[in-house]
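**Q** Right, I'll just put the structure down here and ask away after.
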Amino acid sequence: MNAATTRGALLAALACVLVGGSFTANSVLGAYPYAGGQFLRYGLACLLLFPLSGRGVLARLRALTSRQWARLVLLAAVGMVGFNLAVLAAERTAEPAVPGVFVGCAPVVVAVLVPLLDGRRPQRAVVHGALLVAAGACVVQGWGRTDGAGLAFSVCALAGEVGFAVLAVPVLRPLGPRLLAAVVCAVAALESAAAGLLADGTGWLRRPDAVEAGALLWQAVVVTVVGFVCWYMGMQRIGAERATLFSGLIPVAAACTAPPSWARAPTASPRARAVRWSGSGWPWGPGR
């Protein structure tokens, strides 16, 4: 393992730890409108990222083809906004562990799909590592009660997690990690605003209180700006299939940073537990 590979692995691992460690911030956003929280989070992250994207930003954006722009729109819709919506929908009738187990299988899908799309055979060592990561995620999270709808939306969440990695691969090189993160955050903010207006009308956005503002600021600055840039820099160095292996750290970090059971209010049903978990993000997946 050379220095570039080691650095890429460390960056991917850091990104996943930051996402998993966002559980506490997520848990205080249960009463805040989902779309409004996503809009504020991604909008602020976009404003912070564009000045850090280096020179020639406009030139790089103009050089993108219509197909690449469509991929960026799809990346934000499927891998960010859609992923979180799928998790929220799954948790209406399923316990949080159920979509967690499905999303934990993303490394296996990415380890097979990315090489095939690139015209090469999947690497046996990477696939075996992905299977171990998926098994570890199942052990950490366990299983829970669900129904058909919960399973279907959990599969959608898995598709969103896979899309977040796979759709980014062809646009990472022309844009670079910082500009790619800035662009997808801008697109996700617009998509969140549109979804909020359609679903909640004028109630989709409100002024957060001090605690909610702190949680949103943490998500925007630490989880999204730092986490996304680290994630894409890691992908740039070691590839999407290897970077996704580190997503196994997310449930571990979430478990280590979650409030102790005696500090959490007891809940009587999966629906009530889903409210506590959902908020403006979810501990699974790099930064959504």
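Naming scheme: A, B, ... for chains in displayed order of the structure tokens; residues 1 onward per chain; ligands 1 onward as shown.
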DSSP on the backbone, then: every residue of stretch 67-249 of chain A marked alpha helix (DSSP H), written as JSON, numbers by chain.

**A** {"A": [67, 68, 69, 70, 71, 72, 73, 74, 75, 76, 82, 83, 84, 85, 86, 87, 88, 89, 90, 97, 98, 99, 100, 101, 102, 103, 106, 107, 108, 109, 110, 111, 112, 113, 114, 115, 116, 117, 124, 125, 126, 127, 128, 129, 130, 131, 132, 133, 134, 135, 136, 137, 138, 139, 140, 141, 148, 149, 150, 151, 152, 153, 154, 155, 156, 157, 158, 159, 160, 161, 162, 163, 164, 165, 166, 169, 170, 171, 172, 173, 174, 175, 176, 177, 178, 179, 180, 181, 182, 183, 184, 185, 186, 187, 188, 189, 190, 191, 192, 193, 194, 195, 196, 197, 198, 199, 200, 210, 211, 212, 213, 214, 215, 216, 217, 218, 227, 228, 229, 230, 231, 232, 233, 234, 235, 236, 237, 238, 240, 241, 242, 243, 249]}

**Q** For a quick check of understanding, using only C-alpha atoms, which of A:Thr5, A:Ser22, A:Gln38, A:Asn84 has the smallest distance to A:Ala189?

**A**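 Of the candidates, the smallest distance to A:Ala189 is held by A:Gln38.
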
**Q** Counting only C-alpha atoms, which residues of stretch 80-174 of chain A sit at most 12 Å from some atom of stretch 61-65 of chain A, and what is each one's closest atom pair with its distance in Å to one decimal, listed by chain and rising residue number, as a tab-separated table?

**A**
residue	atom	partner	partner_atom	distance
A:Pro170	CA	A:Leu64	CA	11.1
A:Val171	CA	A:Leu64	CA	8.7
A:Leu172	CA	A:Leu64	CA	11.5
A:Arg173	CA	A:Leu64	CA	11.3
A:Pro174	CA	A:Leu64	CA	8.0

**Q** For the residues in that selection, give me N, CA and C atoms as a PDB file, in the first residue's frame.

**A**
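Ended up saving to part-v5.pdb:
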ATOM      1  N   PRO A 170     -18.023   9.015 -12.792  1.00  0.00           N
ATOM      2  CA  PRO A 170     -17.626   9.663 -14.038  1.00  0.00           C
ATOM      3  C   PRO A 170     -17.447  11.185 -13.940  1.00  0.00           C
ATOM      4  N   VAL A 171     -18.014  11.834 -12.919  1.00  0.00           N
ATOM      5  CA  VAL A 171     -17.911  13.291 -12.812  1.00  0.00           C
ATOM      6  C   VAL A 171     -16.881  13.725 -11.774  1.00  0.00           C
ATOM      7  N   LEU A 172     -16.267  12.770 -11.091  1.00  0.00           N
ATOM      8  CA  LEU A 172     -15.274  13.119 -10.080  1.00  0.00           C
ATOM      9  C   LEU A 172     -14.007  13.667 -10.708  1.00  0.00           C
ATOM     10  N   ARG A 173     -13.574  13.075 -11.805  1.00  0.00           N
ATOM     11  CA  ARG A 173     -12.326  13.529 -12.431  1.00  0.00           C
ATOM     12  C   ARG A 173     -12.442  14.933 -13.024  1.00  0.00           C
ATOM     13  N   PRO A 174     -13.474  15.252 -13.818  1.00  0.00           N
ATOM     14  CA  PRO A 174     -13.531  16.608 -14.387  1.00  0.00           C
ATOM     15  C   PRO A 174     -13.788  17.717 -13.375  1.00  0.00           C
TER      16      PRO A 174
END

**Q** Using only C-alpha atoms, find each residue in stretch 33-103 of chain A having at least one atom no more than 9 Å away from stretch 128-143 of chain A; report its shortest atom-to-atom pair and that distance in Å (one decimal), rows by chain then rising number, as a Markdown table.

**A**
| residue | atom | partner | partner_atom | distance |
| --- | --- | --- | --- | --- |
| A:Glu95 | CA | A:Trp143 | CA | 8.0 |
| A:Pro96 | CA | A:Trp143 | CA | 8.6 |
| A:Ala97 | CA | A:Trp143 | CA | 5.4 |
| A:Val98 | CA | A:Trp143 | CA | 5.7 |
| A:Gly100 | CA | A:Gln141 | CA | 7.0 |
| A:Val101 | CA | A:Cys138 | CA | 5.4 |
| A:Phe102 | CA | A:Ala134 | CA | 8.7 |
| A:Val103 | CA | A:Ala134 | CA | 8.6 |

**Q** Please, could you write that set of residues out with N, CA, C and O atoms as a PDB file, in the first residue's frame?

**A**
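File result-v2.pdb, as written:
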ATOM      1  N   GLU A  95     -38.667  -0.990  11.789  1.00  0.00           N
ATOM      2  CA  GLU A  95     -37.714  -0.489  12.760  1.00  0.00           C
ATOM      3  C   GLU A  95     -36.452  -0.016  12.030  1.00  0.00           C
ATOM      4  O   GLU A  95     -36.129  -0.522  10.946  1.00  0.00           O
ATOM      5  N   PRO A  96     -35.721   0.964  12.581  1.00  0.00           N
ATOM      6  CA  PRO A  96     -34.567   1.545  11.889  1.00  0.00           C
ATOM      7  C   PRO A  96     -33.520   0.524  11.468  1.00  0.00           C
ATOM      8  O   PRO A  96     -32.805   0.752  10.490  1.00  0.00           O
ATOM      9  N   ALA A  97     -33.397  -0.588  12.186  1.00  0.00           N
ATOM     10  CA  ALA A  97     -32.395  -1.581  11.817  1.00  0.00           C
ATOM     11  C   ALA A  97     -32.650  -2.202  10.448  1.00  0.00           C
ATOM     12  O   ALA A  97     -31.718  -2.650   9.783  1.00  0.00           O
ATOM     13  N   VAL A  98     -33.910  -2.225  10.011  1.00  0.00           N
ATOM     14  CA  VAL A  98     -34.244  -2.892   8.751  1.00  0.00           C
ATOM     15  C   VAL A  98     -33.631  -2.167   7.557  1.00  0.00           C
ATOM     16  O   VAL A  98     -32.874  -2.778   6.782  1.00  0.00           O
ATOM     17  N   GLY A 100     -31.273  -0.155   7.757  1.00  0.00           N
ATOM     18  CA  GLY A 100     -29.848  -0.162   8.038  1.00  0.00           C
ATOM     19  C   GLY A 100     -29.164  -1.407   7.508  1.00  0.00           C
ATOM     20  O   GLY A 100     -28.069  -1.344   6.955  1.00  0.00           O
ATOM     21  N   VAL A 101     -29.795  -2.550   7.658  1.00  0.00           N
ATOM     22  CA  VAL A 101     -29.225  -3.795   7.159  1.00  0.00           C
ATOM     23  C   VAL A 101     -29.170  -3.785   5.632  1.00  0.00           C
ATOM     24  O   VAL A 101     -28.170  -4.211   5.025  1.00  0.00           O
ATOM     25  N   PHE A 102     -30.226  -3.291   4.994  1.00  0.00           N
ATOM     26  CA  PHE A 102     -30.224  -3.235   3.534  1.00  0.00           C
ATOM     27  C   PHE A 102     -29.115  -2.308   3.027  1.00  0.00           C
ATOM     28  O   PHE A 102     -28.370  -2.668   2.113  1.00  0.00           O
ATOM     29  N   VAL A 103     -29.012  -1.129   3.623  1.00  0.00           N
ATOM     30  CA  VAL A 103     -27.990  -0.181   3.192  1.00  0.00           C
ATOM     31  C   VAL A 103     -26.596  -0.730   3.502  1.00  0.00           C
ATOM     32  O   VAL A 103     -25.628  -0.435   2.802  1.00  0.00           O
TER      33      VAL A 103
END

**Q** Quick one: residues within 8 Å of A:Ala15, only C-alpha atoms counted, chain neighbours fewer than 2 positions away excluded, as a list of chain:residue names?

**A**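 My list of contacting residues is A:Leu11, A:Ala12, A:Ala13, A:Val17, A:Leu18, A:Val19, A:Val223, A:Val226, A:Gly227, A:Phe228, A:Cys230, A:Trp231, A:Pro286.
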
**Q** Excluding same-chain residues fewer than 5 positions from A:Ala106, what lies within 9 Å of it counting only C-alpha atoms, as a compact mmCIF listing (two decimals) with C-alpha atoms, in the first residue's frame?

**A**
# COMPACT_ATOMS: atom_id res chain seq x y z
CA ALA A 111 -17.91 -3.86 -5.43
CA ALA A 130 -17.61 -6.12 1.10
CA ALA A 134 -22.23 -6.24 5.18
CA LEU A 158 -30.05 0.71 -0.76
CA ALA A 159 -30.40 1.98 -4.33
CA GLU A 161 -26.66 4.50 -1.21
CA VAL A 162 -25.30 2.68 -4.25
CA THR A 244 -17.43 2.05 0.07
CA LEU A 245 -15.92 -0.71 2.22
CA SER A 247 -19.12 2.45 5.24

**Q** Between A:Val169, A:Ala45, A:Val252, A:Leu197, single out the one closest to A:Leu75, counting only C-alpha atoms.

**A** A:Val169

**Q** Counting only C-alpha atoms, what is within 9 Å of A:Leu190, bar same-chain residues fewer than 6 positions away, as a ChimeraX atom specification?

**A** /A:39,42-43

**Q** Take the residues just selected and output them with C-alpha atoms as a tab-separated table (two decimals), in the first residue's frame.

**A**
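Final output, again.tsv:
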chain	number	residue	atom	x	y	z
A	39	PHE	CA	-32.36	22.81	2.20
A	42	TYR	CA	-27.05	21.61	1.69
A	43	GLY	CA	-27.48	25.31	0.93

**Q** Would you pick out the contacts of A:Leu49 at 8 Å or less, using only C-alpha atoms, so that residues sharing its chain but fewer than 6 positions from it are not included, and give the list as an MDAnalysis selection string?

**A** chainID A and resid 178:179 181:182 225

**Q** Nearest to A:Gly234 among A:Leu113, A:Val78, A:Ala152, A:Ala165, with distances taken over only C-alpha atoms: which residue is it?

**A** A:Ala165

**Q** Just how far from atom CA of A:Glu241 is atom CA of A:Ala4, in Å to one decimal?

**A** 16.1 Å

**Q** From the options A:Thr93, A:Ser154, A:Thr224, A:Ser66, which residue's atoms come nearest to A:Cys105, counting only C-alpha atoms?

**A** A:Ser154

**Q** Need the shell around A:Leu44: protein/DNA/RNA residues with any atom at most 8 Å away, counting only C-alpha atoms. Skip same-chain ones fewer than 3 positions apart. Format as an MDAnalysis selection string?

**A** chainID A and resid 40:41 47:48 220:221
